[in-house]
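Q: Provided below: query_31.txt, containing compact mmCIF, C-alpha atoms.
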```
# COMPACT_ATOMS: atom_id res chain seq x y z
CA MET Y 1 67.39 -25.60 33.96
CA MET Y 2 64.73 -26.96 36.28
CA GLN Y 3 61.22 -25.76 35.48
CA THR Y 4 59.29 -24.28 38.41
CA LEU Y 5 55.77 -25.36 39.25
CA GLU Y 6 54.42 -21.86 38.79
CA PRO Y 7 52.98 -22.26 35.29
CA ILE Y 8 51.37 -25.56 36.23
CA LEU Y 9 49.80 -24.07 39.34
CA ALA Y 10 48.63 -21.02 37.43
CA GLU Y 11 46.75 -23.25 34.97
CA HIS Y 12 44.93 -25.24 37.64
CA PRO Y 13 41.23 -24.31 37.90
CA PHE Y 14 41.49 -24.04 41.69
CA LEU Y 15 43.94 -21.16 41.38
CA LYS Y 16 42.37 -19.42 38.40
CA GLY Y 17 42.75 -15.65 38.73
CA LEU Y 18 45.00 -15.83 41.79
CA ASP Y 19 47.25 -12.83 42.31
CA ALA Y 20 50.81 -13.46 41.08
CA GLN Y 21 52.37 -12.70 44.46
CA TYR Y 22 50.17 -15.33 46.13
CA LEU Y 23 51.00 -17.80 43.41
CA LYS Y 24 54.67 -17.36 44.27
CA LEU Y 25 53.90 -18.06 47.92
CA LEU Y 26 52.17 -21.28 46.90
CA VAL Y 27 55.02 -22.35 44.65
CA GLY Y 28 57.33 -22.19 47.65
CA CYS Y 29 55.19 -24.85 49.37
CA ALA Y 30 54.58 -27.07 46.33
CA SER Y 31 56.12 -30.30 45.08
CA ASN Y 32 55.36 -32.85 42.38
CA VAL Y 33 54.12 -36.24 43.57
CA ARG Y 34 52.91 -39.45 41.94
CA PHE Y 35 51.00 -42.44 43.23
CA ASN Y 36 50.74 -45.82 41.59
CA ALA Y 37 47.40 -47.61 41.25
CA GLY Y 38 46.45 -49.03 44.63
CA GLN Y 39 48.83 -46.80 46.56
CA PHE Y 40 47.42 -44.84 49.51
CA VAL Y 41 47.76 -41.07 49.28
CA PHE Y 42 46.83 -40.86 52.95
CA ARG Y 43 45.10 -42.92 55.58
CA GLU Y 44 42.41 -42.12 58.12
CA GLY Y 45 43.90 -40.90 61.43
CA GLU Y 46 47.28 -39.89 60.02
CA GLU Y 47 48.50 -36.35 60.39
CA ALA Y 48 47.16 -34.12 57.59
CA ASN Y 49 49.90 -31.79 56.48
CA GLU Y 50 49.19 -31.27 52.82
CA PHE Y 51 46.58 -31.08 50.12
CA TYR Y 52 46.78 -32.22 46.52
CA MET Y 53 45.93 -30.68 43.21
CA ILE Y 54 45.30 -33.62 40.93
CA ARG Y 55 46.86 -33.27 37.49
CA GLN Y 56 46.12 -36.72 36.14
CA GLY Y 57 44.56 -39.95 37.39
CA LYS Y 58 41.85 -40.80 39.88
CA VAL Y 59 41.77 -41.13 43.67
CA ALA Y 60 39.07 -42.81 45.76
CA LEU Y 61 38.09 -41.52 49.17
CA GLU Y 62 37.22 -44.53 51.25
CA ILE Y 63 35.80 -45.20 54.64
CA LEU Y 64 35.90 -48.53 56.38
CA GLY Y 65 32.39 -49.85 57.04
CA ALA Y 66 32.61 -52.40 59.83
CA GLU Y 67 30.73 -55.15 57.96
CA ARG Y 68 31.10 -54.25 54.33
CA GLY Y 69 34.79 -53.43 54.13
CA PRO Y 70 36.04 -50.23 52.48
CA ILE Y 71 33.30 -48.19 50.86
CA THR Y 72 34.16 -45.57 48.27
CA ILE Y 73 32.29 -42.39 49.08
CA GLN Y 74 33.76 -40.17 46.41
CA THR Y 75 36.35 -40.13 43.65
CA VAL Y 76 38.39 -37.12 42.57
CA GLY Y 77 40.32 -36.72 39.36
CA GLU Y 78 42.07 -34.31 37.03
CA GLY Y 79 41.51 -30.71 38.04
CA ASP Y 80 40.16 -31.61 41.49
CA ILE Y 81 41.45 -30.75 44.94
CA LEU Y 82 42.06 -33.53 47.42
CA GLY Y 83 42.11 -32.89 51.17
CA TRP Y 84 41.22 -30.03 53.48
CA SER Y 85 42.00 -31.62 56.86
CA TRP Y 86 45.34 -29.74 56.84
CA LEU Y 87 43.29 -26.57 57.25
CA ILE Y 88 41.30 -27.44 60.33
CA PRO Y 89 42.61 -28.68 63.70
CA PRO Y 90 43.39 -31.35 64.79
CA TYR Y 91 44.90 -31.78 61.26
CA ARG Y 92 44.10 -35.49 60.91
CA TRP Y 93 42.75 -37.25 57.82
CA ARG Y 94 39.15 -38.44 58.22
CA PHE Y 95 39.20 -40.87 55.31
CA ASN Y 96 41.54 -43.06 53.36
CA ALA Y 97 42.57 -41.80 49.93
CA ARG Y 98 43.77 -44.43 47.48
CA ALA Y 99 44.90 -44.00 43.90
CA LEU Y 100 42.71 -46.02 41.52
CA GLU Y 101 45.15 -45.52 38.67
CA LEU Y 102 48.51 -43.85 38.18
CA THR Y 103 47.95 -40.41 39.63
CA ARG Y 104 50.12 -37.32 39.29
CA ALA Y 105 49.50 -34.36 41.54
CA ILE Y 106 51.04 -31.31 43.09
CA ALA Y 107 51.28 -31.60 46.85
CA LEU Y 108 51.01 -28.35 48.80
CA ASP Y 109 52.62 -28.37 52.20
CA GLY Y 110 49.89 -27.48 54.70
CA LYS Y 111 52.21 -26.47 57.54
CA CYS Y 112 54.04 -24.12 55.18
CA LEU Y 113 50.71 -22.65 53.97
CA ARG Y 114 49.36 -22.26 57.49
CA THR Y 115 52.45 -20.28 58.45
CA LYS Y 116 52.26 -18.09 55.35
CA SER Y 117 48.55 -17.54 55.91
CA GLU Y 118 49.21 -16.33 59.46
CA GLU Y 119 51.92 -13.99 58.18
CA ASP Y 120 49.79 -12.63 55.35
CA ARG Y 121 46.11 -12.71 56.29
CA ASN Y 122 45.02 -11.56 52.84
CA PHE Y 123 46.71 -14.62 51.36
CA GLY Y 124 45.06 -16.80 54.01
CA TYR Y 125 41.65 -15.30 53.25
CA GLU Y 126 42.10 -15.86 49.51
CA LEU Y 127 43.00 -19.49 50.11
CA LEU Y 128 40.13 -19.99 52.53
CA LYS Y 129 37.62 -18.52 50.07
CA ARG Y 130 38.70 -21.02 47.45
CA PHE Y 131 38.51 -23.93 49.87
CA SER Y 132 35.13 -22.77 51.20
CA SER Y 133 33.72 -22.93 47.71
CA ILE Y 134 34.98 -26.51 47.30
CA ILE Y 135 33.68 -27.50 50.72
CA VAL Y 136 30.22 -26.11 49.86
CA GLU Y 137 30.18 -27.98 46.53
CA ARG Y 138 31.11 -31.22 48.28
CA LEU Y 139 28.53 -30.62 51.02
CA GLU Y 140 25.79 -30.09 48.45
CA ALA Y 141 26.82 -33.23 46.59
CA THR Y 142 26.90 -35.19 49.84
CA ARG Y 143 23.41 -34.02 50.75
CA LEU Y 144 22.13 -35.17 47.38
CA GLN Y 145 23.95 -38.46 47.88
CA LEU Y 146 22.29 -38.83 51.29
CA LEU Y 147 18.86 -38.46 49.72
CA ASP Y 148 19.49 -41.74 47.93
CA VAL Y 149 17.29 -40.50 45.10
CA TYR Y 150 17.35 -43.68 43.01
CA ARG Y 151 16.16 -45.94 45.81
CA VAL Y 152 12.75 -47.54 45.39
CA HIS Y 153 10.42 -45.89 47.90
CA SER Y 154 7.75 -48.22 49.20
CA MET U 1 -7.89 -35.41 21.08
CA ARG U 2 -6.60 -38.28 18.98
CA THR U 3 -9.40 -40.61 18.05
CA ASP U 4 -7.46 -43.76 18.89
CA ALA U 5 -5.99 -42.46 22.15
CA MET U 6 -8.22 -44.74 24.22
CA LEU U 7 -7.86 -47.72 21.93
CA THR U 8 -5.65 -50.49 23.26
CA HIS U 9 -3.67 -52.46 20.70
CA LEU U 10 -2.57 -56.00 21.29
CA TYR U 11 1.20 -56.39 21.45
CA ARG U 12 3.36 -59.41 22.02
CA VAL U 13 6.55 -59.63 24.07
CA GLU U 14 9.28 -60.53 21.59
CA ARG U 15 12.20 -60.38 23.99
CA VAL U 16 12.95 -59.67 27.62
CA GLN U 17 16.39 -58.42 28.52
CA ASP U 18 17.29 -58.23 32.19
CA GLU U 19 19.22 -55.01 32.73
CA THR U 20 19.69 -55.20 36.51
CA TYR U 21 18.21 -57.16 39.42
CA ASP U 22 14.96 -55.16 39.25
CA THR U 23 14.95 -53.58 35.80
CA PHE U 24 14.35 -55.15 32.42
CA THR U 25 13.76 -54.13 28.82
CA LEU U 26 10.80 -55.49 26.90
CA GLU U 27 10.74 -55.57 23.15
CA LEU U 28 7.18 -55.48 21.87
CA ALA U 29 5.73 -56.02 18.43
CA SER U 30 2.22 -56.25 17.07
CA ARG U 31 0.97 -59.80 16.58
CA ASP U 32 1.77 -59.96 12.87
CA HIS U 33 4.84 -57.68 13.14
CA SER U 34 3.30 -55.39 10.53
CA GLU U 35 2.15 -52.50 12.65
CA GLU U 36 4.41 -49.49 12.71
CA ARG U 37 3.99 -47.12 15.60
CA PRO U 38 6.14 -44.06 14.95
CA PHE U 39 7.14 -42.10 18.02
CA ALA U 40 9.37 -39.22 18.99
CA PRO U 41 12.18 -39.57 21.53
CA GLY U 42 10.92 -38.91 25.05
CA GLN U 43 7.34 -40.08 24.43
CA PHE U 44 5.68 -42.87 26.39
CA ASN U 45 3.13 -45.61 25.91
CA MET U 46 0.48 -46.90 28.29
CA LEU U 47 1.08 -50.62 28.85
CA TYR U 48 -1.89 -52.63 30.03
CA VAL U 49 -1.64 -56.01 31.71
CA PHE U 50 -5.09 -57.47 31.36
CA GLY U 51 -6.84 -57.84 34.67
CA VAL U 52 -4.07 -56.07 36.56
CA GLY U 53 -3.71 -52.49 35.38
CA GLU U 54 -2.12 -49.95 33.11
CA VAL U 55 1.11 -47.97 33.56
CA PRO U 56 2.91 -45.27 31.58
CA ILE U 57 6.33 -46.42 30.37
CA SER U 58 8.76 -44.40 28.27
CA ILE U 59 9.82 -45.78 24.92
CA SER U 60 13.51 -46.59 25.08
CA SER U 61 14.14 -47.89 21.57
CA ASP U 62 15.45 -46.47 18.34
CA LEU U 63 12.82 -44.52 16.39
CA ALA U 64 14.32 -45.86 13.20
CA LYS U 65 12.77 -49.22 14.18
CA PRO U 66 9.10 -48.43 14.81
CA ARG U 67 7.93 -52.05 14.42
CA THR U 68 9.68 -53.11 17.59
CA LEU U 69 9.13 -50.94 20.60
CA ALA U 70 11.42 -51.25 23.60
CA HIS U 71 10.34 -50.23 27.08
CA THR U 72 12.69 -50.36 30.03
CA VAL U 73 10.73 -51.12 33.18
CA ARG U 74 11.62 -51.22 36.86
CA ALA U 75 9.58 -53.91 38.57
CA VAL U 76 8.45 -52.09 41.69
CA GLY U 77 4.65 -52.21 41.67
CA ASN U 78 1.87 -54.68 40.91
CA VAL U 79 1.59 -53.81 37.24
CA THR U 80 5.30 -53.64 36.50
CA LYS U 81 5.84 -56.94 38.31
CA ALA U 82 3.01 -58.43 36.24
CA ILE U 83 4.70 -57.13 33.08
CA ARG U 84 7.90 -58.87 34.14
CA ALA U 85 5.96 -62.07 34.73
CA LEU U 86 4.62 -62.09 31.16
CA GLY U 87 7.83 -63.34 29.60
CA ARG U 88 8.49 -63.95 25.91
CA GLY U 89 5.31 -64.56 23.93
CA GLY U 90 3.13 -62.90 26.54
CA GLU U 91 0.59 -60.36 25.37
CA LEU U 92 -0.37 -56.97 26.68
CA GLY U 93 -2.30 -53.93 25.61
CA LEU U 94 -0.59 -50.81 24.35
CA ARG U 95 -1.86 -47.27 23.85
CA GLY U 96 0.21 -44.43 22.60
CA PRO U 97 2.58 -42.87 21.96
CA PHE U 98 1.77 -39.90 24.15
CA GLY U 99 3.38 -36.67 25.22
CA THR U 100 6.01 -34.21 24.12
CA SER U 101 9.49 -35.10 22.99
CA TRP U 102 13.14 -34.13 23.38
CA PRO U 103 14.16 -31.21 21.14
CA VAL U 104 16.44 -33.22 18.87
CA GLU U 105 15.61 -31.14 15.80
CA GLU U 106 15.95 -27.76 17.54
CA ALA U 107 19.31 -28.91 18.95
CA LYS U 108 20.85 -29.32 15.51
CA GLY U 109 23.87 -27.09 15.14
CA SER U 110 24.39 -26.97 18.91
CA ASP U 111 26.28 -29.03 21.44
CA VAL U 112 24.09 -31.55 23.24
CA VAL U 113 24.41 -32.49 26.90
CA ILE U 114 22.35 -35.42 28.10
CA VAL U 115 22.17 -35.89 31.86
CA ALA U 116 20.47 -39.05 33.13
CA GLY U 117 19.88 -40.32 36.63
CA GLY U 118 18.81 -43.91 37.35
CA ILE U 119 16.10 -45.19 35.03
CA GLY U 120 15.95 -41.66 33.59
CA ILE U 121 18.40 -42.93 30.99
CA ALA U 122 15.56 -44.92 29.35
CA PRO U 123 13.55 -42.02 27.85
CA LEU U 124 16.81 -40.33 26.83
CA ARG U 125 18.11 -43.33 24.95
CA PRO U 126 16.00 -42.70 21.79
CA ALA U 127 17.25 -39.09 21.79
CA LEU U 128 20.84 -40.27 21.92
CA TYR U 129 20.22 -42.86 19.18
CA HIS U 130 18.78 -40.10 17.02
CA VAL U 131 21.63 -37.67 17.68
CA LEU U 132 24.19 -40.37 16.93
CA SER U 133 22.37 -41.39 13.75
CA GLU U 134 22.68 -37.81 12.51
CA ARG U 135 25.92 -37.11 14.30
CA LYS U 136 27.22 -34.53 11.83
CA GLU U 137 24.25 -32.29 12.51
CA TYR U 138 25.37 -31.65 16.09
CA GLY U 139 28.38 -30.16 17.84
CA LYS U 140 29.89 -31.85 20.85
CA VAL U 141 27.72 -34.55 22.38
CA VAL U 142 28.03 -35.46 26.05
CA LEU U 143 26.28 -38.18 28.03
CA LEU U 144 26.48 -37.94 31.81
CA TYR U 145 24.88 -40.85 33.62
CA GLY U 146 24.49 -41.49 37.33
CA ALA U 147 23.11 -44.53 39.10
CA ARG U 148 22.79 -45.69 42.70
CA THR U 149 25.45 -48.41 42.58
CA PRO U 150 27.41 -50.20 39.82
CA ALA U 151 24.76 -52.96 39.94
CA ASP U 152 22.11 -50.42 38.97
CA LEU U 153 23.75 -49.26 35.74
CA LEU U 154 21.54 -49.87 32.71
CA TYR U 155 22.50 -50.68 29.12
CA GLN U 156 26.02 -51.61 30.15
CA ARG U 157 27.06 -53.19 26.83
CA GLU U 158 25.79 -50.18 24.92
CA MET U 159 27.55 -47.82 27.35
CA GLU U 160 30.84 -49.56 26.56
CA GLN U 161 30.24 -49.10 22.84
CA TRP U 162 29.36 -45.45 23.32
CA ARG U 163 32.44 -44.92 25.47
CA GLY U 164 34.52 -46.23 22.60
CA ARG U 165 33.32 -43.49 20.26
CA SER U 166 35.58 -40.52 19.74
CA ASP U 167 32.64 -38.25 18.89
CA LEU U 168 30.81 -38.80 22.17
CA GLN U 169 31.92 -37.98 25.71
CA VAL U 170 30.45 -40.50 28.15
CA ASP U 171 30.97 -40.07 31.87
CA ILE U 172 29.38 -42.43 34.34
CA THR U 173 29.20 -42.21 38.10
CA VAL U 174 27.52 -44.05 40.96
CA ASP U 175 26.40 -42.73 44.33
CA ARG U 176 28.12 -45.50 46.27
CA ALA U 177 30.45 -48.38 45.54
CA LEU U 178 32.63 -51.00 47.08
CA ARG U 179 36.37 -51.05 46.50
CA TRP U 180 36.31 -53.15 43.30
CA TRP U 181 34.64 -50.35 41.34
CA ARG U 182 37.21 -48.38 39.37
CA GLY U 183 34.87 -45.73 38.01
CA ASN U 184 33.61 -42.46 39.42
CA VAL U 185 31.79 -42.21 42.73
CA GLY U 186 29.67 -39.15 43.46
CA VAL U 187 26.36 -37.73 42.33
CA VAL U 188 25.80 -37.11 38.63
CA THR U 189 25.95 -33.33 39.10
CA THR U 190 29.66 -33.61 39.93
CA LEU U 191 30.31 -34.62 36.31
CA ILE U 192 28.94 -31.38 34.89
CA PRO U 193 31.88 -29.04 35.66
CA LYS U 194 34.22 -31.29 33.65
CA ALA U 195 31.95 -31.92 30.69
CA VAL U 196 33.27 -30.37 27.50
CA PHE U 197 30.67 -28.18 25.76
CA ASP U 198 30.08 -24.58 24.79
CA PRO U 199 27.47 -23.18 27.19
CA THR U 200 26.54 -20.44 24.73
CA SER U 201 25.48 -23.03 22.15
CA THR U 202 24.23 -26.08 24.01
CA VAL U 203 20.93 -27.83 24.52
CA ALA U 204 20.67 -29.91 27.67
CA MET U 205 18.26 -32.81 28.14
CA VAL U 206 17.83 -34.02 31.70
CA CYS U 207 15.86 -36.93 33.12
CA GLY U 208 15.88 -38.51 36.56
CA PRO U 209 14.29 -38.06 39.97
CA GLU U 210 12.96 -34.53 40.37
CA VAL U 211 15.47 -33.49 43.04
CA MET U 212 18.33 -34.76 40.88
CA MET U 213 17.01 -32.67 37.98
CA ARG U 214 16.82 -29.54 40.17
CA PHE U 215 20.44 -29.95 41.27
CA THR U 216 21.46 -30.71 37.68
CA VAL U 217 19.77 -27.58 36.37
CA ALA U 218 21.60 -25.52 39.03
CA GLU U 219 24.95 -26.94 37.85
CA LEU U 220 24.10 -26.31 34.20
CA GLN U 221 23.17 -22.74 35.06
CA LYS U 222 26.53 -22.36 36.83
CA ARG U 223 28.18 -23.39 33.58
CA GLY U 224 26.26 -20.61 31.84
CA LEU U 225 23.35 -22.41 30.18
CA GLU U 226 20.20 -20.36 29.77
CA ASP U 227 16.96 -21.76 31.19
CA ASP U 228 15.37 -21.96 27.73
CA LYS U 229 18.13 -24.33 26.59
CA ILE U 230 17.45 -26.85 29.34
CA TYR U 231 14.78 -29.55 28.95
CA ILE U 232 13.59 -31.89 31.68
CA SER U 233 11.25 -34.87 31.69
CA MET U 234 8.70 -34.93 34.48
CA GLU U 235 7.03 -37.92 36.03
CA ARG U 236 3.55 -37.90 37.47
CA ASN U 237 0.70 -40.36 37.94
CA MET U 238 -0.48 -40.52 34.34
CA LYS U 239 -3.70 -42.40 33.57
CA CYS U 240 -5.55 -41.37 30.42
CA GLY U 241 -2.56 -40.07 28.45
CA PHE U 242 -4.23 -37.06 26.83
CA GLY U 243 -4.99 -34.59 29.60
CA PHE U 244 -8.56 -35.67 30.21
CA CYS U 245 -8.58 -37.33 33.63
CA GLY U 246 -6.43 -34.79 35.48
CA HIS U 247 -4.37 -37.31 37.45
CA CYS U 248 -1.07 -35.87 36.29
CA GLN U 249 -1.80 -32.19 36.80
CA PHE U 250 1.35 -30.19 37.53
CA GLY U 251 0.56 -26.52 38.13
CA PRO U 252 -1.21 -25.36 34.97
CA PHE U 253 0.00 -28.38 32.99
CA PHE U 254 -0.92 -31.99 32.45
CA VAL U 255 2.29 -33.98 32.33
CA CYS U 256 0.87 -36.58 29.93
CA LYS U 257 -0.13 -34.01 27.33
CA ASP U 258 1.96 -30.87 27.92
CA GLY U 259 4.93 -33.02 28.99
CA PRO U 260 6.59 -35.23 29.96
CA VAL U 261 9.36 -33.19 28.32
CA PHE U 262 9.22 -29.54 29.34
CA ARG U 263 11.50 -26.62 28.62
CA TYR U 264 12.80 -25.65 32.03
CA ASP U 265 11.87 -21.96 31.92
CA ARG U 266 8.22 -22.96 31.46
CA VAL U 267 8.03 -25.09 34.60
CA ARG U 268 10.70 -23.68 36.93
CA GLU U 269 8.21 -21.89 39.17
CA TRP U 270 6.37 -25.15 39.83
CA LEU U 271 9.39 -27.30 40.58
CA GLY U 272 10.38 -27.97 44.14
CA LYS U 273 6.97 -27.10 45.50
CA GLY U 274 5.89 -29.95 47.70
CA ASP U 275 2.16 -29.60 47.17
CA ILE U 276 2.21 -29.62 43.35
```
Before we go any further, please render this structure as structure tokens.
A:
Amino acid sequence: MMQTLEPILAEHPFLKGLDAQYLKLLVGCASNVRFNAGQFVFREGEEANEFYMIRQGKVALEILGAERGPITIQTVGEGDILGWSWLIPPYRWRFNARALELTRAIALDGKCLRTKSEEDRNFGYELLKRFSSIIVERLEATRLQLLDVYRVHS
Amino acid sequence: MRTDAMLTHLYRVERVQDETYDTFTLELASRDHSEERPFAPGQFNMLYVFGVGEVPISISSDLAKPRTLAHTVRAVGNVTKAIRALGRGGELGLRGPFGTSWPVEEAKGSDVVIVAGGIGIAPLRPALYHVLSERKEYGKVVLLYGARTPADLLYQREMEQWRGRSDLQVDITVDRALRWWRGNVGVVTTLIPKAVFDPTSTVAMVCGPEVMMRFTVAELQKRGLEDDKIYISMERNMKCGFGFCGHCQFGPFFVCKDGPVFRYDRVREWLGKGDI
């Protein structure tokens, strides 16, 4: 018998405490994926139709600096969420995401989730609240990063 | 006031270890190697380059070896550049040790989380040495270390050894990196949610730029740590070393005497105020 992804999703910190009926909705949009070291999860400019719940491994978010080549701006790993461009039009990735090591994740189909969120606004709100919290955390971290606190100030 | 607080002792540079392009570790000993200068982790000495000036530098060595004192220095000003120029065999003046220390004794029986940013790892190193030397006295021990880039990471060989220990969680991150870097990228605070410790029985020791410490404290609080279990090390313009000259006043405190290590709940109202 094939095991469903429900117990795995239920254990993920991102979905902690999520109502069982919403969990079932998510399971319907979820699939297991794996990326080998060096493999791109997505590339800047491509259509963004999913997000990833990382179960194992590490992924680098990169941006191409014209002179310096790809610069890693953040890494995400076990327990982290990767990608929110599927949530906001025009649904295009803004960065490259590349696996630094063998990475296993659960991919959630963004189109499927957008449709379910429109059908059940309470589900959509629940999902958005969880993403908002991640977006705020990342924004705070980015602001601290921008301060360049370890630089020598003359 | 200690009677010898103003007395400068002659020390010789035994060894200079380049840590990064602008940071080095000096090992100092008294001329005849006989003088022992016991210190507590987190304390600092005043190092005096004759004819140039004096600067406060944290002691970064193992307190079990009081005859050789290590100081990790970033060469960014006239005095620190002059210290770098001394080289092996060079002599300088030393006063100290001064200031308060990390609560390594009070932390016994608890988990210990050490969060370091940049050269803030230097004053925490003696605390970690001590905790590791009495490892059974503590619960889980976590070291979270952030630097600007991979080229700015200090004590790299030691970090590798520490990472190899099963009784110590070491997580390292850098704020920015090129593609070759396989480690974490992101500010040091992003490591806190994944660190394994029991917030109800943990002592946190934090050192780095002030803004980094404020963000770190906020993350530790989110994990459930109480303010009286968080210790930070402050940096100010310290001159005399015993609260006499007033250069390092911080609210009602003098950092050289009442600090540099403070329990967070005692200084929280003064942190983040631009004019203090």
Q: What's around Lys58 of chain Y at 7 Å? Count only C-alpha atoms, leave out sequence neighbours fewer than 4 positions away in its own chain, and write the answer as a list in words.
A: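 Contacts, in chain order: Thr75, Val76, Gly77, Ala99, Leu100, Glu101 and Thr103 of chain Y.
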Q: For chain Y, list the residues within 8 Å of chain U, counting only C-alpha atoms, and write the list as a VMD selection string.
A: chain Y and resid 60 69 to 76 100 141 to 142 144 to 145 148 to 152
Q: Do a neighbour search on Val170 of chain U at 9 Å with only C-alpha atoms, toss out local chain neighbours closer than 5 positions, and write the hits as a ChimeraX atom specification.
A: /U:141-145,159,162-165
Q: My list of candidates is U:Val196, U:Leu154, U:Ala122, U:Leu220. Which is closest to Ser61 of chain U when distances are computed with only C-alpha atoms?
A: U:Ala122
Q: Excluding Leu10 of chain U and any residue of its chain fewer than 2 positions from it, enumerate the residues within 10 Å of it, using only C-alpha atoms, and give them as a PyMOL selection string.
A: chain U and resi 7-8+12+28-31+47-48+91-95
Q: Rounded to one decimal, what separation in Å do you get between atom CA of Ile230 of chain U and atom CA of Ala5 of chain U?
A: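 Separating atom CA of Ile230 of chain U from atom CA of Ala5 of chain U is a distance of 29.1 Å.
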Q: In Å, rounded to a single decimal, give me how far atom CA of Phe44 of chain U is from atom CA of Phe254 of chain U.
A: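 Here the two named atoms are 14.1 Å from each other.
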Q: So, with all atoms listed in the file as the atoms that count, which of Y:Ile8, Y:Leu139, Y:Leu18, Y:Val41 lies closest to Asn122 of chain Y?
A: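 That would be Y:Leu18, the residue with the smallest distance to Asn122 of chain Y.
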Q: Looking at only C-alpha atoms, which of U:Ser34, U:Gln169, U:Thr100, U:Gln156 is the one that sits closest to Ile232 of chain U?
A: U:Thr100
Q: With a distance cut-off of 9 Å and all atoms listed in the file, select the neighbouring residues of Leu15 of chain Y, excluding the residue or stretch itself and same-chain residues fewer than 5 positions from it, and output the selection as a JSON list (two decimals) with C-alpha atoms, keeping the file's coordinate frame.
A:
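Below is the file result12.json, written as the result:
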```json
[["chain", "number", "residue", "atom", "x", "y", "z"],
["Y", 9, "LEU", "CA", 49.80, -24.07, 39.34],
["Y", 10, "ALA", "CA", 48.63, -21.02, 37.43],
["Y", 23, "LEU", "CA", 51.00, -17.80, 43.41],
["Y", 127, "LEU", "CA", 43.00, -19.49, 50.11],
["Y", 130, "ARG", "CA", 38.70, -21.02, 47.45]]
```
Q: Contacts of Met234 of chain U at 8 Å or less, counting only C-alpha atoms, minus same-chain residues fewer than 5 places along, as a list in words?
A: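 Counting only C-alpha atoms, the residues come to Cys207, Glu210, Val255, Gly259, Pro260, Val261 and Phe262 of chain U.
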Q: Y:Cys112, Y:Val27, Y:Ile134, Y:Leu146: which is nearest Pro13 of chain Y, counting all atoms listed in the file?
A: Y:Ile134
Q: At what distance in Å, to one decimal, does atom CA of Ile59 of chain U lie from atom CA of Asn78 of chain U?
A: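 Those two atoms sit 20.0 Å apart.
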Q: Of the candidates U:Arg223, U:Lys65, U:Arg214, U:Lys239, which shows the shortest atom-to-atom distance to Val267 of chain U, using only C-alpha atoms?
A: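 So, comparing all the options, the nearest one is U:Arg214.
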Q: Quick one: of U:Gly96, U:Asp265, U:Glu158, U:Met205, who's nearest to Asp4 of chain U, counting all atoms listed in the file?
A: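 Closest candidate: U:Gly96.
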Q: Please, could N, CA and C atoms be added to segment 107-119 of chain Y and the result written as a PDB file, in the frame of the given file?
A:
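The resulting file, part17.pdb, is shown below:
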```
ATOM      1  N   ALA Y 107      51.559 -31.611  45.410  1.00  0.00           N
ATOM      2  CA  ALA Y 107      51.280 -31.600  46.850  1.00  0.00           C
ATOM      3  C   ALA Y 107      51.639 -30.215  47.386  1.00  0.00           C
ATOM      4  N   LEU Y 108      50.748 -29.649  48.172  1.00  0.00           N
ATOM      5  CA  LEU Y 108      51.010 -28.350  48.800  1.00  0.00           C
ATOM      6  C   LEU Y 108      51.181 -28.592  50.293  1.00  0.00           C
ATOM      7  N   ASP Y 109      52.283 -28.141  50.798  1.00  0.00           N
ATOM      8  CA  ASP Y 109      52.620 -28.370  52.200  1.00  0.00           C
ATOM      9  C   ASP Y 109      51.712 -27.515  53.098  1.00  0.00           C
ATOM     10  N   GLY Y 110      50.883 -28.174  53.875  1.00  0.00           N
ATOM     11  CA  GLY Y 110      49.890 -27.480  54.700  1.00  0.00           C
ATOM     12  C   GLY Y 110      50.526 -26.665  55.817  1.00  0.00           C
ATOM     13  N   LYS Y 111      51.557 -27.206  56.446  1.00  0.00           N
ATOM     14  CA  LYS Y 111      52.210 -26.470  57.540  1.00  0.00           C
ATOM     15  C   LYS Y 111      52.780 -25.155  57.001  1.00  0.00           C
ATOM     16  N   CYS Y 112      53.448 -25.279  55.855  1.00  0.00           N
ATOM     17  CA  CYS Y 112      54.040 -24.120  55.180  1.00  0.00           C
ATOM     18  C   CYS Y 112      52.943 -23.087  54.865  1.00  0.00           C
ATOM     19  N   LEU Y 113      51.794 -23.569  54.344  1.00  0.00           N
ATOM     20  CA  LEU Y 113      50.710 -22.650  53.970  1.00  0.00           C
ATOM     21  C   LEU Y 113      50.055 -22.023  55.187  1.00  0.00           C
ATOM     22  N   ARG Y 114      49.956 -22.804  56.261  1.00  0.00           N
ATOM     23  CA  ARG Y 114      49.360 -22.260  57.490  1.00  0.00           C
ATOM     24  C   ARG Y 114      50.223 -21.105  58.004  1.00  0.00           C
ATOM     25  N   THR Y 115      51.531 -21.324  57.979  1.00  0.00           N
ATOM     26  CA  THR Y 115      52.450 -20.280  58.450  1.00  0.00           C
ATOM     27  C   THR Y 115      52.344 -19.032  57.575  1.00  0.00           C
ATOM     28  N   LYS Y 116      52.338 -19.248  56.256  1.00  0.00           N
ATOM     29  CA  LYS Y 116      52.260 -18.090  55.350  1.00  0.00           C
ATOM     30  C   LYS Y 116      50.924 -17.365  55.482  1.00  0.00           C
ATOM     31  N   SER Y 117      49.872 -18.147  55.749  1.00  0.00           N
ATOM     32  CA  SER Y 117      48.550 -17.540  55.910  1.00  0.00           C
ATOM     33  C   SER Y 117      48.498 -16.679  57.171  1.00  0.00           C
ATOM     34  N   GLU Y 118      49.172 -17.119  58.228  1.00  0.00           N
ATOM     35  CA  GLU Y 118      49.210 -16.330  59.460  1.00  0.00           C
ATOM     36  C   GLU Y 118      50.004 -15.041  59.239  1.00  0.00           C
ATOM     37  N   GLU Y 119      51.063 -15.162  58.441  1.00  0.00           N
ATOM     38  CA  GLU Y 119      51.920 -13.990  58.180  1.00  0.00           C
ATOM     39  C   GLU Y 119      51.221 -12.975  57.264  1.00  0.00           C
TER      40      GLU Y 119
END
```
